[in-house]
Amino acid sequence: METLSIKTHSRTEMIDITPMVADAVKAQGIEEGVCILYNPHTTAAITINEGADPSVQSDIRKALSGLIPPHDHPQIHYEHTEGNADSHIKSSLIGTSQLVIISNSQLVLGTWQSIFFCEFDGPRTRKVHLKILRG
Amino acid sequence: METLSIKTHSRTEMIDITPMVADAVKAQGIEEGVCILYNPHTTAAITINEGADPSVQSDIRKALSGLIPPHDHPQIHYEHTEGNADSHIKSSLIGTSQLVIISNSQLVLGTWQSIFFCEFDGPRTRKVHLKILRG
Amino acid sequence: METLSIKTHSRTEMIDITPMVADAVKAQGIEEGVCILYNPHTTAAITINEGADPSVQSDIRKALSGLIPPHDHPQIHYEHTEGNADSHIKSSLIGTSQLVIISNSQLVLGTWQSIFFCEFDGPRTRKVHLKILRG
């Protein structure tokens, strides 16, 4: 297992970590297998979506914040008193981990796919664990 | 790794791919392990849910379209200009991959579970990558 | 593969199964690998989120029930006639499986992370399959 470090810059943000992940996979020298990416935080997530047009990331972030409004929204009442109940809920909706198949030492991503770390309660310094299973 | 080909017929659709997956697993002859199903598209997803009553699929599709309205909905504004921002958002909510345990060369699914390819921007010809890890 | 048994007590509930999972991992004596947790039910799910403050679980359950109202809600019409269409939809939103990295025979969870079985149509007796891949 190795751990990537990610610096986020705002409360909600999607950061393309594909190059970091691809470099780590190449460095481990495993030709065939599955790369597991695990987010150890409860107010963040990992997703795979379009990386070419940044408006897709913006639409995802806005849609999530529309469905799960922030703590200070006038029509919402969360029990959790730390001001980040929305961030926890988004984390469970998007998911804690992702996996990508490795073939010929490369990530098998679709043409338009990038891997995103999803910050829902930043800015912070975050971690993503990376583990490769051979096979 | 092998790749399944799936033909979809409408803009949103859930297609039961369980028989294709079960056949591929049997053909590979691996008795114990985990089957990974990976969708390389950014406007589609894979889920596991009830296969017996088609109304469940219909309710899932309608609920998603209620939460994430299409591009031409009067009260919505998406930044992404390709008319499929909703499809990208649904993809991240449902998820890019699924895994199923294999025991005795069979998928270990629950009594009512089927594996569905979720089309959110069809009709198209789509792919699903299938990879088995032994163990 | 082994199977954990979980007793739920109400229609929607999040049950912290981290101690059961940690014990099962320790008992199998595998030092390095990945633990796969698989829910074979179509009206339940598994998620990983904050375990310290129970209000987070309550906020997640309430937010989901706000987005996906129950069958008897006056403004909703589901086609599925068994009264649990909402439970099926929530299952696909949260997800059927989760994975956790194992290092030194321990689950590599973040400081605040616990593993939760999510009941969306209880009370029932439920199962979670646990499978460890070495590596």
# chains A, B, ... in the order shown; residues from 1 in each chain; ligands from 1
>>> closest_atom_pairs(of="chain C", to="chain B", cutoff="10 Å", atoms="only C-alpha atoms", output="JSON lines")
{"residue": "C:Met1", "atom": "CA", "partner": "B:Ser103", "partner_atom": "CA", "distance": 8.0}
{"residue": "C:Ile36", "atom": "CA", "partner": "B:Ile101", "partner_atom": "CA", "distance": 8.5}
{"residue": "C:Leu37", "atom": "CA", "partner": "B:Ile101", "partner_atom": "CA", "distance": 9.4}
{"residue": "C:Tyr38", "atom": "CA", "partner": "B:Val100", "partner_atom": "CA", "distance": 7.5}
{"residue": "C:Asn39", "atom": "CA", "partner": "B:Gly110", "partner_atom": "CA", "distance": 8.0}
{"residue": "C:Pro40", "atom": "CA", "partner": "B:Gly110", "partner_atom": "CA", "distance": 4.2}
{"residue": "C:His41", "atom": "CA", "partner": "B:Gly110", "partner_atom": "CA", "distance": 5.9}
{"residue": "C:Thr42", "atom": "CA", "partner": "B:Asn49", "partner_atom": "CA", "distance": 5.1}
{"residue": "C:Thr43", "atom": "CA", "partner": "B:Asn49", "partner_atom": "CA", "distance": 8.1}
{"residue": "C:Ala44", "atom": "CA", "partner": "B:Asn49", "partner_atom": "CA", "distance": 9.8}
{"residue": "C:Leu67", "atom": "CA", "partner": "B:Leu67", "partner_atom": "CA", "distance": 7.4}
{"residue": "C:Ile68", "atom": "CA", "partner": "B:Ala63", "partner_atom": "CA", "distance": 7.3}
{"residue": "C:Pro69", "atom": "CA", "partner": "B:Ala63", "partner_atom": "CA", "distance": 9.8}
{"residue": "C:Ile76", "atom": "CA", "partner": "B:Ala63", "partner_atom": "CA", "distance": 9.7}
{"residue": "C:His77", "atom": "CA", "partner": "B:Asp59", "partner_atom": "CA", "distance": 8.9}
{"residue": "C:Tyr78", "atom": "CA", "partner": "B:Asp59", "partner_atom": "CA", "distance": 6.0}
{"residue": "C:Glu79", "atom": "CA", "partner": "B:Ser55", "partner_atom": "CA", "distance": 5.5}
{"residue": "C:His80", "atom": "CA", "partner": "B:Ser55", "partner_atom": "CA", "distance": 5.0}
{"residue": "C:Thr81", "atom": "CA", "partner": "B:Ser55", "partner_atom": "CA", "distance": 8.4}
{"residue": "C:Glu82", "atom": "CA", "partner": "B:Val56", "partner_atom": "CA", "distance": 9.9}
{"residue": "C:Asn84", "atom": "CA", "partner": "B:Val56", "partner_atom": "CA", "distance": 9.3}
{"residue": "C:Ala85", "atom": "CA", "partner": "B:Val56", "partner_atom": "CA", "distance": 6.4}
{"residue": "C:Asp86", "atom": "CA", "partner": "B:Asp59", "partner_atom": "CA", "distance": 8.4}
{"residue": "C:His88", "atom": "CA", "partner": "B:Asn49", "partner_atom": "CA", "distance": 6.9}
{"residue": "C:Ile89", "atom": "CA", "partner": "B:Ile60", "partner_atom": "CA", "distance": 5.3}
{"residue": "C:Lys90", "atom": "CA", "partner": "B:Ile60", "partner_atom": "CA", "distance": 8.9}
{"residue": "C:Ser91", "atom": "CA", "partner": "B:Asn49", "partner_atom": "CA", "distance": 7.6}
{"residue": "C:Ser92", "atom": "CA", "partner": "B:Thr47", "partner_atom": "CA", "distance": 6.2}
{"residue": "C:Leu93", "atom": "CA", "partner": "B:Ile94", "partner_atom": "CA", "distance": 5.5}
{"residue": "C:Ile94", "atom": "CA", "partner": "B:Ile94", "partner_atom": "CA", "distance": 7.8}
{"residue": "C:Gly95", "atom": "CA", "partner": "B:Ile94", "partner_atom": "CA", "distance": 7.5}
{"residue": "C:Thr96", "atom": "CA", "partner": "B:Ile48", "partner_atom": "CA", "distance": 6.8}
{"residue": "C:Ser97", "atom": "CA", "partner": "B:Leu99", "partner_atom": "CA", "distance": 7.3}
{"residue": "C:Gln98", "atom": "CA", "partner": "B:Leu99", "partner_atom": "CA", "distance": 9.0}
{"residue": "C:Leu99", "atom": "CA", "partner": "B:Leu99", "partner_atom": "CA", "distance": 9.7}
{"residue": "C:Lys127", "atom": "CA", "partner": "B:Gly110", "partner_atom": "CA", "distance": 9.6}
{"residue": "C:His129", "atom": "CA", "partner": "B:Ile101", "partner_atom": "CA", "distance": 8.5}
{"residue": "C:Leu130", "atom": "CA", "partner": "B:Ile101", "partner_atom": "CA", "distance": 9.0}
{"residue": "C:Lys131", "atom": "CA", "partner": "B:Ile101", "partner_atom": "CA", "distance": 7.4}
{"residue": "C:Ile132", "atom": "CA", "partner": "B:Gly135", "partner_atom": "CA", "distance": 7.8}
{"residue": "C:Leu133", "atom": "CA", "partner": "B:Gly135", "partner_atom": "CA", "distance": 5.7}
{"residue": "C:Arg134", "atom": "CA", "partner": "B:Gly135", "partner_atom": "CA", "distance": 7.1}
{"residue": "C:Gly135", "atom": "CA", "partner": "B:Gly135", "partner_atom": "CA", "distance": 9.6}
>>> residues_around(residues="Ile15 of chain B", least_positions_apart="3", cutoff="10 Å", atoms="only C-alpha atoms", output="VMD selection string")
chain B and resid 6 to 9 12 18 46 51 57 114 to 119
>>> calpha_fit_and_write(fixed="chain B", moving="chain C", output="compact mmCIF listing (two decimals) with C-alpha atoms, in the first residue's frame")
# COMPACT_ATOMS: atom_id res chain seq x y z
CA MET C 1 -9.56 -8.84 -18.87
CA GLU C 2 -12.34 -9.30 -21.34
CA THR C 3 -14.87 -6.81 -22.70
CA LEU C 4 -18.61 -7.29 -23.06
CA SER C 5 -20.55 -5.33 -25.68
CA ILE C 6 -23.98 -3.95 -24.79
CA LYS C 7 -26.52 -2.33 -27.12
CA THR C 8 -28.86 0.17 -25.46
CA HIS C 9 -32.17 1.34 -26.92
CA SER C 10 -33.25 4.57 -25.25
CA ARG C 11 -31.85 7.59 -23.39
CA THR C 12 -32.14 5.97 -19.95
CA GLU C 13 -32.33 2.22 -19.59
CA MET C 14 -31.29 -0.54 -17.21
CA ILE C 15 -30.14 -3.70 -18.98
CA ASP C 16 -29.80 -6.97 -17.07
CA ILE C 17 -26.31 -8.25 -17.94
CA THR C 18 -26.29 -11.08 -15.38
CA PRO C 19 -26.44 -13.91 -17.97
CA MET C 20 -23.54 -12.39 -20.00
CA VAL C 21 -21.46 -12.00 -16.86
CA ALA C 22 -22.28 -15.49 -15.55
CA ASP C 23 -21.32 -17.04 -18.92
CA ALA C 24 -18.02 -15.12 -19.03
CA VAL C 25 -17.17 -16.22 -15.46
CA LYS C 26 -17.95 -19.85 -16.25
CA ALA C 27 -15.88 -19.72 -19.46
CA GLN C 28 -12.81 -18.45 -17.59
CA GLY C 29 -12.93 -21.51 -15.31
CA ILE C 30 -11.83 -19.70 -12.15
CA GLU C 31 -13.44 -21.41 -9.17
CA GLU C 32 -12.88 -18.92 -6.34
CA GLY C 33 -12.30 -15.19 -6.56
CA VAL C 34 -13.90 -11.84 -7.25
CA CYS C 35 -15.40 -10.62 -10.52
CA ILE C 36 -14.86 -6.92 -11.23
CA LEU C 37 -17.18 -5.16 -13.67
CA TYR C 38 -15.97 -1.80 -14.95
CA ASN C 39 -17.89 0.72 -17.08
CA PRO C 40 -15.45 2.86 -19.15
CA HIS C 41 -18.13 5.48 -20.04
CA THR C 42 -18.83 8.77 -18.24
CA THR C 43 -22.59 8.85 -18.90
CA ALA C 44 -23.40 5.30 -17.79
CA ALA C 45 -22.99 3.17 -14.66
CA ILE C 46 -23.37 -0.34 -13.23
CA THR C 47 -25.64 -1.30 -10.34
CA ILE C 48 -26.95 -4.44 -8.65
CA ASN C 49 -30.63 -4.52 -7.71
CA GLU C 50 -33.86 -6.51 -8.05
CA GLY C 51 -34.22 -8.29 -11.39
CA ALA C 52 -37.58 -10.04 -10.90
CA ASP C 53 -39.99 -7.10 -11.16
CA PRO C 54 -39.22 -4.58 -13.97
CA SER C 55 -41.12 -1.87 -12.04
CA VAL C 56 -38.12 -1.61 -9.69
CA GLN C 57 -35.88 -0.61 -12.61
CA SER C 58 -38.50 1.87 -13.78
CA ASP C 59 -38.78 3.40 -10.28
CA ILE C 60 -34.97 3.72 -10.02
CA ARG C 61 -34.76 5.46 -13.42
CA LYS C 62 -37.65 7.82 -12.59
CA ALA C 63 -36.33 8.68 -9.14
CA LEU C 64 -32.89 9.51 -10.59
CA SER C 65 -34.44 11.68 -13.30
CA GLY C 66 -36.51 13.45 -10.63
CA LEU C 67 -33.42 14.22 -8.56
CA ILE C 68 -31.24 15.11 -11.57
CA PRO C 69 -33.51 16.62 -14.23
CA PRO C 70 -32.60 16.57 -17.93
CA HIS C 71 -30.95 19.51 -19.63
CA ASP C 72 -34.16 20.99 -21.07
CA HIS C 73 -35.94 21.15 -17.70
CA PRO C 74 -37.22 24.74 -17.18
CA GLN C 75 -35.85 25.11 -13.63
CA ILE C 76 -32.35 23.79 -14.22
CA HIS C 77 -29.18 25.32 -15.62
CA TYR C 78 -26.17 23.13 -16.36
CA GLU C 79 -22.83 24.62 -17.49
CA HIS C 80 -21.89 21.63 -19.63
CA THR C 81 -23.21 22.39 -23.11
CA GLU C 82 -23.46 18.89 -24.59
CA GLY C 83 -26.97 18.28 -23.25
CA ASN C 84 -25.93 15.37 -21.02
CA ALA C 85 -24.80 16.96 -17.76
CA ASP C 86 -27.56 14.98 -16.00
CA SER C 87 -26.11 11.74 -17.42
CA HIS C 88 -22.64 12.52 -16.01
CA ILE C 89 -24.06 13.32 -12.57
CA LYS C 90 -26.12 10.11 -12.46
CA SER C 91 -22.99 8.16 -13.44
CA SER C 92 -21.13 9.40 -10.35
CA LEU C 93 -24.13 8.78 -8.07
CA ILE C 94 -24.59 5.13 -9.14
CA GLY C 95 -20.93 4.28 -9.71
CA THR C 96 -18.50 3.17 -12.35
CA SER C 97 -17.85 -0.37 -11.15
CA GLN C 98 -19.30 -3.26 -9.20
CA LEU C 99 -17.81 -6.43 -7.78
CA VAL C 100 -19.32 -9.84 -7.19
CA ILE C 101 -17.75 -12.73 -5.28
CA ILE C 102 -17.21 -15.98 -7.22
CA SER C 103 -17.56 -19.32 -5.44
CA ASN C 104 -17.55 -22.73 -7.21
CA SER C 105 -17.27 -20.85 -10.54
CA GLN C 106 -20.61 -19.12 -9.87
CA LEU C 107 -21.51 -15.51 -9.10
CA VAL C 108 -22.59 -15.22 -5.45
CA LEU C 109 -25.65 -13.00 -5.97
CA GLY C 110 -28.55 -12.67 -3.53
CA THR C 111 -31.86 -14.36 -4.41
CA TRP C 112 -33.34 -11.22 -6.00
CA GLN C 113 -30.15 -9.59 -7.28
CA SER C 114 -29.33 -8.97 -10.94
CA ILE C 115 -26.47 -6.94 -12.40
CA PHE C 116 -27.61 -3.96 -14.48
CA PHE C 117 -25.82 -1.79 -16.99
CA CYS C 118 -27.33 1.69 -16.51
CA GLU C 119 -27.57 3.77 -19.68
CA PHE C 120 -28.06 7.47 -18.98
CA ASP C 121 -27.33 8.95 -22.44
CA GLY C 122 -28.34 6.38 -25.04
CA PRO C 123 -29.08 4.77 -27.28
CA ARG C 124 -25.49 3.66 -27.92
CA THR C 125 -23.26 0.62 -28.13
CA ARG C 126 -21.43 0.37 -24.79
CA LYS C 127 -18.67 -1.71 -23.21
CA VAL C 128 -18.20 -3.33 -19.82
CA HIS C 129 -14.77 -4.64 -18.85
CA LEU C 130 -14.74 -7.84 -16.82
CA LYS C 131 -11.72 -8.90 -14.79
CA ILE C 132 -11.48 -11.83 -12.38
CA LEU C 133 -9.09 -11.87 -9.44
CA ARG C 134 -8.43 -15.40 -8.13
CA GLY C 135 -8.33 -16.02 -4.42
>>> select_by_dssp(residues="chain A", states="strand (DSSP E or B)", output="ChimeraX atom specification")
/A:2-7,13-16,33-38,44-50,97-103,106-107,113-119,125-134
>>> select_by_dssp(residues="chain C", states="helix (DSSP H, G or I)", output="PDB file with N, CA and C atoms, in the first residue's frame")
ATOM      1  N   THR C  18     -18.183  -2.673  12.110  1.00  0.00           N
ATOM      2  CA  THR C  18     -16.713  -2.673  12.118  1.00  0.00           C
ATOM      3  C   THR C  18     -16.123  -3.739  13.037  1.00  0.00           C
ATOM      4  N   PRO C  19     -16.623  -3.889  14.294  1.00  0.00           N
ATOM      5  CA  PRO C  19     -16.005  -4.911  15.161  1.00  0.00           C
ATOM      6  C   PRO C  19     -16.157  -6.333  14.593  1.00  0.00           C
ATOM      7  N   MET C  20     -17.335  -6.660  14.025  1.00  0.00           N
ATOM      8  CA  MET C  20     -17.539  -7.985  13.424  1.00  0.00           C
ATOM      9  C   MET C  20     -16.559  -8.214  12.284  1.00  0.00           C
ATOM     10  N   VAL C  21     -16.397  -7.188  11.453  1.00  0.00           N
ATOM     11  CA  VAL C  21     -15.509  -7.316  10.289  1.00  0.00           C
ATOM     12  C   VAL C  21     -14.054  -7.441  10.752  1.00  0.00           C
ATOM     13  N   ALA C  22     -13.666  -6.609  11.705  1.00  0.00           N
ATOM     14  CA  ALA C  22     -12.279  -6.641  12.199  1.00  0.00           C
ATOM     15  C   ALA C  22     -11.960  -8.010  12.805  1.00  0.00           C
ATOM     16  N   ASP C  23     -12.903  -8.579  13.561  1.00  0.00           N
ATOM     17  CA  ASP C  23     -12.697  -9.909  14.160  1.00  0.00           C
ATOM     18  C   ASP C  23     -12.549 -10.978  13.078  1.00  0.00           C
ATOM     19  N   ALA C  24     -13.414 -10.912  12.059  1.00  0.00           N
ATOM     20  CA  ALA C  24     -13.355 -11.912  10.982  1.00  0.00           C
ATOM     21  C   ALA C  24     -12.024 -11.821  10.235  1.00  0.00           C
ATOM     22  N   VAL C  25     -11.542 -10.602  10.009  1.00  0.00           N
ATOM     23  CA  VAL C  25     -10.265 -10.413   9.304  1.00  0.00           C
ATOM     24  C   VAL C  25      -9.123 -10.992  10.144  1.00  0.00           C
ATOM     25  N   LYS C  26      -9.136 -10.691  11.437  1.00  0.00           N
ATOM     26  CA  LYS C  26      -8.083 -11.197  12.314  1.00  0.00           C
ATOM     27  C   LYS C  26      -8.091 -12.728  12.339  1.00  0.00           C
ATOM     28  N   ALA C  27      -9.295 -13.316  12.417  1.00  0.00           N
ATOM     29  CA  ALA C  27      -9.424 -14.767  12.501  1.00  0.00           C
ATOM     30  C   ALA C  27      -8.892 -15.463  11.254  1.00  0.00           C
ATOM     31  N   GLN C  28      -8.994 -14.809  10.094  1.00  0.00           N
ATOM     32  CA  GLN C  28      -8.527 -15.446   8.862  1.00  0.00           C
ATOM     33  C   GLN C  28      -7.000 -15.410   8.745  1.00  0.00           C
ATOM     34  N   PRO C  54     -23.346   9.634  16.543  1.00  0.00           N
ATOM     35  CA  PRO C  54     -24.527   8.988  15.936  1.00  0.00           C
ATOM     36  C   PRO C  54     -25.402   9.954  15.135  1.00  0.00           C
ATOM     37  N   SER C  55     -25.256  11.274  15.362  1.00  0.00           N
ATOM     38  CA  SER C  55     -26.075  12.233  14.613  1.00  0.00           C
ATOM     39  C   SER C  55     -25.731  12.205  13.126  1.00  0.00           C
ATOM     40  N   VAL C  56     -24.503  11.799  12.787  1.00  0.00           N
ATOM     41  CA  VAL C  56     -24.138  11.694  11.357  1.00  0.00           C
ATOM     42  C   VAL C  56     -24.986  10.614  10.692  1.00  0.00           C
ATOM     43  N   GLN C  57     -25.123   9.469  11.361  1.00  0.00           N
ATOM     44  CA  GLN C  57     -25.958   8.388  10.799  1.00  0.00           C
ATOM     45  C   GLN C  57     -27.399   8.847  10.653  1.00  0.00           C
ATOM     46  N   SER C  58     -27.888   9.558  11.655  1.00  0.00           N
ATOM     47  CA  SER C  58     -29.263  10.052  11.616  1.00  0.00           C
ATOM     48  C   SER C  58     -29.447  11.043  10.459  1.00  0.00           C
ATOM     49  N   ASP C  59     -28.477  11.930  10.264  1.00  0.00           N
ATOM     50  CA  ASP C  59     -28.563  12.903   9.157  1.00  0.00           C
ATOM     51  C   ASP C  59     -28.517  12.203   7.795  1.00  0.00           C
ATOM     52  N   ILE C  60     -27.695  11.160   7.667  1.00  0.00           N
ATOM     53  CA  ILE C  60     -27.628  10.418   6.397  1.00  0.00           C
ATOM     54  C   ILE C  60     -28.983   9.753   6.124  1.00  0.00           C
ATOM     55  N   ARG C  61     -29.551   9.095   7.125  1.00  0.00           N
ATOM     56  CA  ARG C  61     -30.843   8.417   6.941  1.00  0.00           C
ATOM     57  C   ARG C  61     -31.939   9.406   6.578  1.00  0.00           C
ATOM     58  N   LYS C  62     -31.978  10.556   7.285  1.00  0.00           N
ATOM     59  CA  LYS C  62     -33.008  11.559   7.010  1.00  0.00           C
ATOM     60  C   LYS C  62     -32.837  12.193   5.633  1.00  0.00           C
ATOM     61  N   ALA C  63     -31.602  12.471   5.250  1.00  0.00           N
ATOM     62  CA  ALA C  63     -31.379  13.090   3.937  1.00  0.00           C
ATOM     63  C   ALA C  63     -31.819  12.137   2.833  1.00  0.00           C
ATOM     64  N   LEU C  64     -31.490  10.851   2.978  1.00  0.00           N
ATOM     65  CA  LEU C  64     -31.905   9.858   1.975  1.00  0.00           C
ATOM     66  C   LEU C  64     -33.426   9.767   1.896  1.00  0.00           C
ATOM     67  N   SER C  65     -34.081   9.773   3.053  1.00  0.00           N
ATOM     68  CA  SER C  65     -35.542   9.667   3.057  1.00  0.00           C
ATOM     69  C   SER C  65     -36.190  10.943   2.542  1.00  0.00           C
ATOM     70  N   GLY C  66     -35.495  12.074   2.633  1.00  0.00           N
ATOM     71  CA  GLY C  66     -35.991  13.306   2.023  1.00  0.00           C
ATOM     72  C   GLY C  66     -35.887  13.252   0.505  1.00  0.00           C
ATOM     73  N   LEU C  67     -34.785  12.727   0.008  1.00  0.00           N
ATOM     74  CA  LEU C  67     -34.584  12.635  -1.448  1.00  0.00           C
ATOM     75  C   LEU C  67     -35.480  11.557  -2.061  1.00  0.00           C
ATOM     76  N   ALA C  85     -40.283   0.448  -2.858  1.00  0.00           N
ATOM     77  CA  ALA C  85     -39.541   0.998  -3.995  1.00  0.00           C
ATOM     78  C   ALA C  85     -38.437   1.937  -3.502  1.00  0.00           C
ATOM     79  N   ASP C  86     -38.771   2.765  -2.493  1.00  0.00           N
ATOM     80  CA  ASP C  86     -37.761   3.690  -1.944  1.00  0.00           C
ATOM     81  C   ASP C  86     -36.527   2.933  -1.444  1.00  0.00           C
ATOM     82  N   SER C  87     -36.743   1.777  -0.829  1.00  0.00           N
ATOM     83  CA  SER C  87     -35.634   0.988  -0.274  1.00  0.00           C
ATOM     84  C   SER C  87     -34.715   0.494  -1.387  1.00  0.00           C
ATOM     85  N   HIS C  88     -35.310   0.050  -2.512  1.00  0.00           N
ATOM     86  CA  HIS C  88     -34.504  -0.395  -3.658  1.00  0.00           C
ATOM     87  C   HIS C  88     -33.670   0.761  -4.227  1.00  0.00           C
ATOM     88  N   ILE C  89     -34.288   1.934  -4.344  1.00  0.00           N
ATOM     89  CA  ILE C  89     -33.583   3.083  -4.930  1.00  0.00           C
ATOM     90  C   ILE C  89     -32.410   3.493  -4.033  1.00  0.00           C
ATOM     91  N   LYS C  90     -32.659   3.560  -2.726  1.00  0.00           N
ATOM     92  CA  LYS C  90     -31.577   3.900  -1.794  1.00  0.00           C
ATOM     93  C   LYS C  90     -30.427   2.896  -1.882  1.00  0.00           C
ATOM     94  N   SER C  91     -30.773   1.615  -2.068  1.00  0.00           N
ATOM     95  CA  SER C  91     -29.747   0.576  -2.176  1.00  0.00           C
ATOM     96  C   SER C  91     -28.785   0.862  -3.326  1.00  0.00           C
ATOM     97  N   SER C  92     -29.339   1.259  -4.488  1.00  0.00           N
ATOM     98  CA  SER C  92     -28.475   1.561  -5.640  1.00  0.00           C
ATOM     99  C   SER C  92     -27.693   2.864  -5.452  1.00  0.00           C
ATOM    100  N   LEU C  93     -28.253   3.825  -4.710  1.00  0.00           N
ATOM    101  CA  LEU C  93     -27.525   5.082  -4.479  1.00  0.00           C
ATOM    102  C   LEU C  93     -26.328   4.882  -3.547  1.00  0.00           C
ATOM    103  N   ILE C  94     -26.487   4.077  -2.510  1.00  0.00           N
ATOM    104  CA  ILE C  94     -25.406   3.885  -1.528  1.00  0.00           C
ATOM    105  C   ILE C  94     -24.442   2.786  -1.978  1.00  0.00           C
TER     106      ILE C  94
END
>>> decode(residues="segment 101-118 of chain B", atoms="N, CA and C atoms", output="tab-separated table (two decimals), in the first residue's frame")
chain	number	residue	atom	x	y	z
B	101	ILE	N	-18.58	-11.59	-5.69
B	101	ILE	CA	-17.75	-12.72	-5.27
B	101	ILE	C	-18.07	-13.93	-6.15
B	102	ILE	N	-17.03	-14.73	-6.47
B	102	ILE	CA	-17.20	-15.98	-7.22
B	102	ILE	C	-16.88	-17.15	-6.29
B	103	SER	N	-17.79	-18.10	-6.21
B	103	SER	CA	-17.55	-19.32	-5.44
B	103	SER	C	-18.03	-20.51	-6.26
B	104	ASN	N	-17.23	-21.55	-6.35
B	104	ASN	CA	-17.56	-22.72	-7.19
B	104	ASN	C	-17.88	-22.32	-8.63
B	105	SER	N	-17.12	-21.37	-9.17
B	105	SER	CA	-17.27	-20.87	-10.55
B	105	SER	C	-18.60	-20.15	-10.80
B	106	GLN	N	-19.32	-19.81	-9.74
B	106	GLN	CA	-20.60	-19.12	-9.87
B	106	GLN	C	-20.57	-17.76	-9.19
B	107	LEU	N	-21.33	-16.81	-9.74
B	107	LEU	CA	-21.51	-15.51	-9.10
B	107	LEU	C	-22.32	-15.70	-7.82
B	108	VAL	N	-21.84	-15.13	-6.71
B	108	VAL	CA	-22.58	-15.22	-5.45
B	108	VAL	C	-23.50	-14.00	-5.35
B	109	LEU	N	-24.65	-14.08	-6.01
B	109	LEU	CA	-25.65	-13.01	-5.96
B	109	LEU	C	-26.75	-13.40	-4.99
B	110	GLY	N	-27.39	-12.41	-4.38
B	110	GLY	CA	-28.56	-12.67	-3.54
B	110	GLY	C	-29.72	-13.16	-4.39
B	111	THR	N	-30.71	-13.75	-3.73
B	111	THR	CA	-31.87	-14.35	-4.40
B	111	THR	C	-32.49	-13.42	-5.45
B	112	TRP	N	-32.64	-12.15	-5.12
B	112	TRP	CA	-33.35	-11.21	-5.99
B	112	TRP	C	-32.42	-10.33	-6.79
B	113	GLN	N	-31.09	-10.53	-6.66
B	113	GLN	CA	-30.15	-9.60	-7.30
B	113	GLN	C	-29.84	-9.93	-8.75
B	114	SER	N	-29.87	-8.90	-9.58
B	114	SER	CA	-29.34	-8.97	-10.94
B	114	SER	C	-28.36	-7.82	-11.12
B	115	ILE	N	-27.45	-7.98	-12.10
B	115	ILE	CA	-26.47	-6.94	-12.41
B	115	ILE	C	-27.01	-6.14	-13.59
B	116	PHE	N	-27.06	-4.81	-13.44
B	116	PHE	CA	-27.62	-3.96	-14.48
B	116	PHE	C	-26.58	-2.98	-15.03
B	117	PHE	N	-26.50	-2.91	-16.36
B	117	PHE	CA	-25.83	-1.79	-17.00
B	117	PHE	C	-26.83	-0.65	-17.06
B	118	CYS	N	-26.44	0.53	-16.55
B	118	CYS	CA	-27.34	1.69	-16.52
B	118	CYS	C	-26.94	2.67	-17.61
